[in-house]
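One structure below.
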Protein chains: 2
Amino acid sequence: MEFQEAKDKFIQAWGTLGTDWGVNRTMAQIHALLLISPEALCAEDIMEELKISRGNANMNIRALMSWGLVRKELKPGERKEFFSAEKNMMEVVKKIVSQRKKKELEPILAALEEVSQTEGESEEAKEFSKVVRDIHLFSKKANSTLDTLIKSDANWLIGSFFKTMK
Amino acid sequence: MEFQEAKDKFIQAWGTLGTDWGVNRTMAQIHALLLISPEALCAEDIMEELKISRGNANMNIRALMSWGLVRKELKPGERKEFFSAEKNMMEVVKKIVSQRKKKELEPILAALEEVSQTEGESEEAKEFSKVVRDIHLFSKKANSTLDTLIKSDANWLIGSFFKTMK
DNA sequence: CGTAACTTTCAATTTTTATTGAAATATTTC
DNA sequence: GAAATATTTCAATAAAAATTGAAAGTTACG
């Protein structure tokens with residue numbers, strides 16, 4: 001396969017994955033582009049390569065930076081900003097997990113906490129409490145598992161990570 | 001908190017979580033409603049409770065069934081169909097994980113497989129291969145970890161599950 | 001300063017996704 | 001087998017999300 005073809009395919013695939021995961025296509029594609037680029041790129045480079053507008057590029061680069069997946073890099077003698085991606089995959093996963101945990105898991109935990117105070121004698125109320133308690137338990141477990149993951153080092157892949165959980 | 005209030009809050013929260021996870025709000029809300037209902041409900045019940053149209057209800061119930069999260073139930077003497085949710089949370093998680101794995105992880109694995117054949121001498125091509133190999137390794141690991149999860153029994157929560165991985 | 005280079009913002013527009021509702025299809029009962 | 005009851009489909013519509021592009025805002029250099 002031609003390099004250019006492979007590159008396009010990769011960027012495309014990453015964009016689709018992003019869409020599935022609730023990240024917009026462009027953001028994921030910029031990420032992909034920076035991941036495979038040996039050099040930091042400027043806004044123009046990104047706009048050109050992905051054929052997107054300046055505003056779109058700017059907003060999504062910004063979002064990637066707020067996720068900690070992309071850094072601004074200043075080249076000496078150059079006035080414009082360059083951007084480069086975090087390339088350590090373990091770090092990438094950790095950053096994504098901690099962002100999503102904060103945005104998604106923590107609010108549901110808070111809601112479950114609130115809602116689990118409910119009492120009631122009806123069949124309905126009993127079933128409700130049971131399900132809520134169950135989900136709550138599960139979510140708290142997931143939450144602490146993710147905390148462990150986020151704190152763990154890159155060696156988890158070779159096995160020691162999981163032993164720490166129960 | 002009033003039971004009705006708690007119920008609404010729970011359905012609302014589940015809908016929001018669904019949205020974050022790329023599931024449409026209505027599908028997640030129907031799921032929430034069935035989860036906390038001690039009795040199977042019919043389409044009318046669901047339409048009324050969530051204030052949605054017949055078509056919307058039908059389509060999303062169907063989707064939930066295709067995910068294996070909801071079952072059709074026939075009540076003797078009743079002509080219409082009733083629906084009930086899988087309530088074992090471990091099963092729920094497994095079903096969701098296996099659906100999303102198939103839909104999202106497997107395609108990216110296939111794309112990486114293809115794309116990792118690329119060769120090239122340029123700096124760019126080398127960086128590309130390196131990143132692709134890294135992601136590939138990571139994804140395969142994630143894939144097999146999820147396979148183990150899907151096959152595991154409900155006891156994973158109390159610890160034995162993770163020991164099996166390395 | 002002033003101006004050129006670059007970045008940010010945001011209202012308007014386009015694109016994508018979800019929802020409705022009514023017609024078509026299917027199923028059960030008498 | 002036809003009327004009554006349920007379910008499915010799908011074109012039209014509405015709602016939500018992403019994108020553009022041009023104007024406003026910054027910054028850095030002579």
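We label chains A, B, ... in the order they appear in the structure tokens, count residues from 1 in each chain, and number ligands from 1 in the order shown.
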
Please provide the set of residues having any atom within 10 Å of DT20 of chain C, restricted to only C-alpha atoms (C1' of nucleotides), with same-chain residues fewer than 2 positions apart removed, written as number ranges by chain. B: 52-56; C: 18, 22; D: 12-14

Output N, CA and C atoms (P, O5', C5', C4', C3', O3' and C1' of nucleotides) for every residue in the selection just made, as a short mmCIF file (atom, residue, chain, number, x, y, z; two decimals), in the first residue's frame.
```
data_model
loop_
_atom_site.label_atom_id
_atom_site.label_comp_id
_atom_site.auth_asym_id
_atom_site.auth_seq_id
_atom_site.Cartn_x
_atom_site.Cartn_y
_atom_site.Cartn_z
N ILE B 52 -43.68 10.05 23.93
CA ILE B 52 -43.06 9.91 22.61
C ILE B 52 -44.06 9.25 21.66
N SER B 53 -43.78 9.35 20.39
CA SER B 53 -44.70 8.82 19.38
C SER B 53 -44.58 7.31 19.28
N ARG B 54 -45.58 6.74 18.62
CA ARG B 54 -45.59 5.29 18.43
C ARG B 54 -44.38 4.82 17.63
N GLY B 55 -44.10 5.54 16.56
CA GLY B 55 -42.98 5.14 15.71
C GLY B 55 -41.65 5.17 16.44
N ASN B 56 -41.47 6.20 17.19
CA ASN B 56 -40.25 6.36 17.96
C ASN B 56 -40.10 5.21 18.97
P DA C 18 -29.36 9.68 16.27
"O5'" DA C 18 -30.74 10.47 16.40
"C5'" DA C 18 -30.79 11.63 17.21
"C4'" DA C 18 -32.23 12.07 17.37
"C3'" DA C 18 -33.20 11.00 17.85
"O3'" DA C 18 -34.01 11.67 18.80
"C1'" DA C 18 -33.95 11.89 15.79
P DA C 22 -51.73 11.93 11.82
"O5'" DA C 22 -52.07 11.84 10.26
"C5'" DA C 22 -51.03 12.02 9.28
"C4'" DA C 22 -50.84 10.73 8.50
"C3'" DA C 22 -52.09 9.85 8.41
"O3'" DA C 22 -52.10 9.26 7.13
"C1'" DA C 22 -50.33 8.59 9.24
P DA D 12 -41.91 13.19 1.10
"O5'" DA D 12 -42.17 13.89 2.51
"C5'" DA D 12 -43.49 13.95 3.01
"C4'" DA D 12 -43.46 14.65 4.35
"C3'" DA D 12 -42.81 16.03 4.33
"O3'" DA D 12 -43.68 16.93 5.03
"C1'" DA D 12 -41.78 14.69 5.99
P DT D 13 -43.25 18.41 5.35
"O5'" DT D 13 -42.58 18.23 6.79
"C5'" DT D 13 -43.41 17.86 7.89
"C4'" DT D 13 -42.56 17.99 9.13
"C3'" DT D 13 -41.92 19.36 9.30
"O3'" DT D 13 -42.51 19.92 10.47
"C1'" DT D 13 -40.37 17.60 9.72
P DA D 14 -41.92 21.17 11.21
"O5'" DA D 14 -40.91 20.50 12.24
"C5'" DA D 14 -41.36 19.44 13.07
"C4'" DA D 14 -40.27 19.14 14.06
"C3'" DA D 14 -39.63 20.38 14.68
"O3'" DA D 14 -39.53 20.07 16.06
"C1'" DA D 14 -37.96 19.07 13.66
#
```

Quick one: contact table of chain D to chain A, 12 Å max, nearest atom pair and distance in Å to one decimal per residue, counting only C-alpha atoms (C1' of nucleotides), chain and number order, as JSON lines?
```
{"residue": "D:DA17", "atom": "C1'", "partner": "A:Asn24", "partner_atom": "CA", "distance": 9.0}
{"residue": "D:DA18", "atom": "C1'", "partner": "A:Asn24", "partner_atom": "CA", "distance": 7.8}
{"residue": "D:DT19", "atom": "C1'", "partner": "A:Asn56", "partner_atom": "CA", "distance": 6.4}
{"residue": "D:DT20", "atom": "C1'", "partner": "A:Ser53", "partner_atom": "CA", "distance": 6.3}
{"residue": "D:DG21", "atom": "C1'", "partner": "A:Ser53", "partner_atom": "CA", "distance": 7.8}
{"residue": "D:DA22", "atom": "C1'", "partner": "A:Gly55", "partner_atom": "CA", "distance": 10.4}
{"residue": "D:DT27", "atom": "C1'", "partner": "A:Arg79", "partner_atom": "CA", "distance": 9.4}
{"residue": "D:DA28", "atom": "C1'", "partner": "A:Arg79", "partner_atom": "CA", "distance": 8.1}
{"residue": "D:DC29", "atom": "C1'", "partner": "A:Arg79", "partner_atom": "CA", "distance": 10.2}
```

Using only N, CA and C atoms (P, O5', C5', C4', C3', O3' and C1' of nucleotides), please write the residues we just selected to a file, as an mmCIF file, in the first residue's frame.
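Listing of again.cif after writing:
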```
data_model
loop_
_atom_site.group_PDB
_atom_site.id
_atom_site.type_symbol
_atom_site.label_atom_id
_atom_site.label_comp_id
_atom_site.auth_asym_id
_atom_site.auth_seq_id
_atom_site.Cartn_x
_atom_site.Cartn_y
_atom_site.Cartn_z
ATOM 1 P P DA D 17 -26.779 17.935 20.495
ATOM 2 O "O5'" DA D 17 -25.830 18.051 19.218
ATOM 3 C "C5'" DA D 17 -25.773 16.969 18.297
ATOM 4 C "C4'" DA D 17 -24.762 17.301 17.239
ATOM 5 C "C3'" DA D 17 -23.509 17.985 17.792
ATOM 6 O "O3'" DA D 17 -22.408 17.251 17.294
ATOM 7 C "C1'" DA D 17 -24.457 19.275 16.033
ATOM 8 P P DA D 18 -20.935 17.765 17.313
ATOM 9 O "O5'" DA D 18 -20.776 18.379 15.855
ATOM 10 C "C5'" DA D 18 -20.918 17.520 14.732
ATOM 11 C "C4'" DA D 18 -20.569 18.290 13.491
ATOM 12 C "C3'" DA D 18 -19.159 18.855 13.444
ATOM 13 O "O3'" DA D 18 -18.695 18.573 12.137
ATOM 14 C "C1'" DA D 18 -20.717 20.594 13.104
ATOM 15 P P DT D 19 -17.252 18.903 11.596
ATOM 16 O "O5'" DT D 19 -17.516 20.278 10.845
ATOM 17 C "C5'" DT D 19 -18.290 20.273 9.659
ATOM 18 C "C4'" DT D 19 -18.355 21.661 9.095
ATOM 19 C "C3'" DT D 19 -17.005 22.366 8.984
ATOM 20 O "O3'" DT D 19 -16.729 22.485 7.591
ATOM 21 C "C1'" DT D 19 -18.715 23.809 9.849
ATOM 22 P P DT D 20 -15.467 23.217 7.055
ATOM 23 O "O5'" DT D 20 -16.077 24.660 6.834
ATOM 24 C "C5'" DT D 20 -17.231 24.790 5.990
ATOM 25 C "C4'" DT D 20 -17.680 26.228 5.933
ATOM 26 C "C3'" DT D 20 -16.596 27.221 5.535
ATOM 27 O "O3'" DT D 20 -17.036 27.880 4.360
ATOM 28 C "C1'" DT D 20 -17.784 27.968 7.461
ATOM 29 P P DG D 21 -16.004 28.596 3.398
ATOM 30 O "O5'" DG D 21 -16.073 30.087 3.959
ATOM 31 C "C5'" DG D 21 -17.339 30.718 4.064
ATOM 32 C "C4'" DG D 21 -17.174 32.041 4.781
ATOM 33 C "C3'" DG D 21 -15.879 32.771 4.432
ATOM 34 O "O3'" DG D 21 -16.167 34.167 4.467
ATOM 35 C "C1'" DG D 21 -15.946 32.433 6.727
ATOM 36 P P DA D 22 -15.416 35.193 3.526
ATOM 37 O "O5'" DA D 22 -16.175 36.546 3.869
ATOM 38 C "C5'" DA D 22 -17.350 36.544 4.703
ATOM 39 C "C4'" DA D 22 -17.043 37.253 6.006
ATOM 40 C "C3'" DA D 22 -15.962 38.343 5.906
ATOM 41 O "O3'" DA D 22 -16.354 39.384 6.794
ATOM 42 C "C1'" DA D 22 -15.401 36.881 7.593
ATOM 43 P P DT D 27 -2.520 38.711 23.616
ATOM 44 O "O5'" DT D 27 -1.309 38.727 22.588
ATOM 45 C "C5'" DT D 27 -1.127 37.613 21.704
ATOM 46 C "C4'" DT D 27 0.032 37.933 20.791
ATOM 47 C "C3'" DT D 27 1.201 38.572 21.538
ATOM 48 O "O3'" DT D 27 2.271 37.620 21.410
ATOM 49 C "C1'" DT D 27 0.682 39.756 19.526
ATOM 50 P P DA D 28 3.760 37.915 21.452
ATOM 51 O "O5'" DA D 28 3.867 38.259 19.894
ATOM 52 C "C5'" DA D 28 4.634 37.464 19.006
ATOM 53 C "C4'" DA D 28 5.367 38.429 18.100
ATOM 54 C "C3'" DA D 28 6.625 39.009 18.724
ATOM 55 O "O3'" DA D 28 7.492 39.161 17.626
ATOM 56 C "C1'" DA D 28 5.269 40.763 18.095
ATOM 57 P P DC D 29 8.985 38.791 17.764
ATOM 58 O "O5'" DC D 29 9.547 39.673 16.580
ATOM 59 C "C5'" DC D 29 8.794 39.722 15.352
ATOM 60 C "C4'" DC D 29 8.907 41.107 14.755
ATOM 61 C "C3'" DC D 29 10.224 41.808 15.102
ATOM 62 O "O3'" DC D 29 10.855 42.152 13.878
ATOM 63 C "C1'" DC D 29 8.394 43.263 15.431
#
```

When DSSP is applied to the backbone of this structure, which of segment 11-90 of chain B are assigned alpha helix (DSSP H)? Write them out as a PyMOL selection string. chain B and resi 11-20+25-35+43-50+54-66+89-90

Using only C-alpha atoms and a distance of at most 8 Å, pull out the residues of chain A that contact chain B, as a ChimeraX atom specification. /A:1-3,6-7,9-10,13-14,17,20-22,35-38,87,89,104,108,111-112,115,117-120,123-125,127-128,131,134-135,138,141,157-160,162-163,165-166

Name the residues in contact with DA26 of chain C at a cut-off of 12 Å, using only C-alpha atoms (C1' of nucleotides), excluding same-chain residues fewer than 2 positions from it; report them as a PyMOL selection string. (chain C and resi 24+28) or (chain D and resi 5-8)

Export, as a PDB file, in the first residue's frame, the selected residues with C-alpha atoms (C1' of nucleotides).
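Output (result-v3.pdb):
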```
ATOM      1  C1'  DA C  24     -49.386   0.118   5.063  1.00  0.00           C
ATOM      2  C1'  DT C  28     -55.860 -12.449  16.116  1.00  0.00           C
TER       3       DT C  28
ATOM      4  C1'  DT D   5     -56.476  -4.763  17.243  1.00  0.00           C
ATOM      5  C1'  DA D   6     -51.430  -4.302  16.956  1.00  0.00           C
ATOM      6  C1'  DT D   7     -47.137  -3.437  14.751  1.00  0.00           C
ATOM      7  C1'  DT D   8     -44.040  -1.622  11.253  1.00  0.00           C
TER       8       DT D   8
END
```

At a cut-off of 9 Å, can you tabulate as JSON lines every residue of chain C near chain A together with its closest atom pair and the distance in Å to one decimal, using only C-alpha atoms (C1' of nucleotides) and ordering rows by chain then number?
```
{"residue": "C:DA5", "atom": "C1'", "partner": "A:Arg79", "partner_atom": "CA", "distance": 7.7}
{"residue": "C:DC6", "atom": "C1'", "partner": "A:Lys80", "partner_atom": "CA", "distance": 6.2}
{"residue": "C:DT7", "atom": "C1'", "partner": "A:Asn58", "partner_atom": "CA", "distance": 8.0}
{"residue": "C:DT8", "atom": "C1'", "partner": "A:Asn58", "partner_atom": "CA", "distance": 7.9}
{"residue": "C:DT9", "atom": "C1'", "partner": "A:Gly55", "partner_atom": "CA", "distance": 8.5}
```

Using C-alpha atoms (C1' of nucleotides), can you write the selected residues to a file as a PDB file, in the first residue's frame?
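And here's result-v8.pdb as it stands now:
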```
ATOM      1  C1'  DA C   5       1.055  38.001  10.958  1.00  0.00           C
ATOM      2  C1'  DC C   6      -1.522  35.178  13.284  1.00  0.00           C
ATOM      3  C1'  DT C   7      -5.557  33.560  16.387  1.00  0.00           C
ATOM      4  C1'  DT C   8     -10.171  33.689  18.138  1.00  0.00           C
ATOM      5  C1'  DT C   9     -15.008  34.308  17.956  1.00  0.00           C
TER       6       DT C   9
END
```

Among segment 50-79 of chain B, which ones does DSSP place in strand (DSSP E or B), written as a list in words?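 Taking segment 50-79 of chain B and keeping strand (DSSP E or B) only, one gets Val70, Arg71, Lys72, Glu73 and Leu74 of chain B.
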
Export, as a PDB file, in the first residue's frame, the selected residues with N, CA and C atoms.
```
ATOM      1  N   VAL B  70     -33.435  -5.929  25.976  1.00  0.00           N
ATOM      2  CA  VAL B  70     -34.874  -5.980  26.233  1.00  0.00           C
ATOM      3  C   VAL B  70     -35.449  -7.211  25.543  1.00  0.00           C
ATOM      4  N   ARG B  71     -36.403  -7.835  26.220  1.00  0.00           N
ATOM      5  CA  ARG B  71     -37.063  -9.023  25.670  1.00  0.00           C
ATOM      6  C   ARG B  71     -38.546  -8.751  25.452  1.00  0.00           C
ATOM      7  N   LYS B  72     -39.086  -9.413  24.490  1.00  0.00           N
ATOM      8  CA  LYS B  72     -40.522  -9.384  24.263  1.00  0.00           C
ATOM      9  C   LYS B  72     -41.136 -10.413  25.215  1.00  0.00           C
ATOM     10  N   GLU B  73     -42.254 -10.054  25.787  1.00  0.00           N
ATOM     11  CA  GLU B  73     -42.903 -10.972  26.700  1.00  0.00           C
ATOM     12  C   GLU B  73     -44.375 -11.058  26.322  1.00  0.00           C
ATOM     13  N   LEU B  74     -44.907 -12.264  26.232  1.00  0.00           N
ATOM     14  CA  LEU B  74     -46.320 -12.373  25.889  1.00  0.00           C
ATOM     15  C   LEU B  74     -47.114 -12.754  27.123  1.00  0.00           C
TER      16      LEU B  74
END
```

Pick out the residues sitting within 10 Å of Gly68 of chain B, and hand them over as an MDAnalysis selection string; count only C-alpha atoms (C1' of nucleotides), and ignore anything fewer than 4 positions along from it in its own chain. chainID B and resid 62:64 85:86 91:92 95:96 99

Write to file, as a PDB file, in the first residue's frame, the residues of the selection just made, with C-alpha atoms.
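What follows is the written file again-v8.pdb:
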```pdb
ATOM      1  CA  ARG B  62     -36.496  -2.812  18.477  1.00  0.00           C
ATOM      2  CA  ALA B  63     -32.991  -1.454  18.828  1.00  0.00           C
ATOM      3  CA  LEU B  64     -32.906  -2.422  22.490  1.00  0.00           C
ATOM      4  CA  ALA B  85     -35.407  -5.375  30.475  1.00  0.00           C
ATOM      5  CA  GLU B  86     -32.518  -7.581  31.426  1.00  0.00           C
ATOM      6  CA  GLU B  91     -25.310  -9.082  31.825  1.00  0.00           C
ATOM      7  CA  VAL B  92     -26.239  -5.561  30.797  1.00  0.00           C
ATOM      8  CA  LYS B  95     -24.199  -7.066  26.211  1.00  0.00           C
ATOM      9  CA  ILE B  96     -23.256  -3.449  25.715  1.00  0.00           C
ATOM     10  CA  GLN B  99     -22.122  -4.826  20.809  1.00  0.00           C
TER      11      GLN B  99
END
```

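Of the listed residues (D:DA24, D:DT9, D:DA16, D:DG30), D:DT9 comes nearest to DT25 of chain C; the distances count only C-alpha atoms (C1' of nucleotides).
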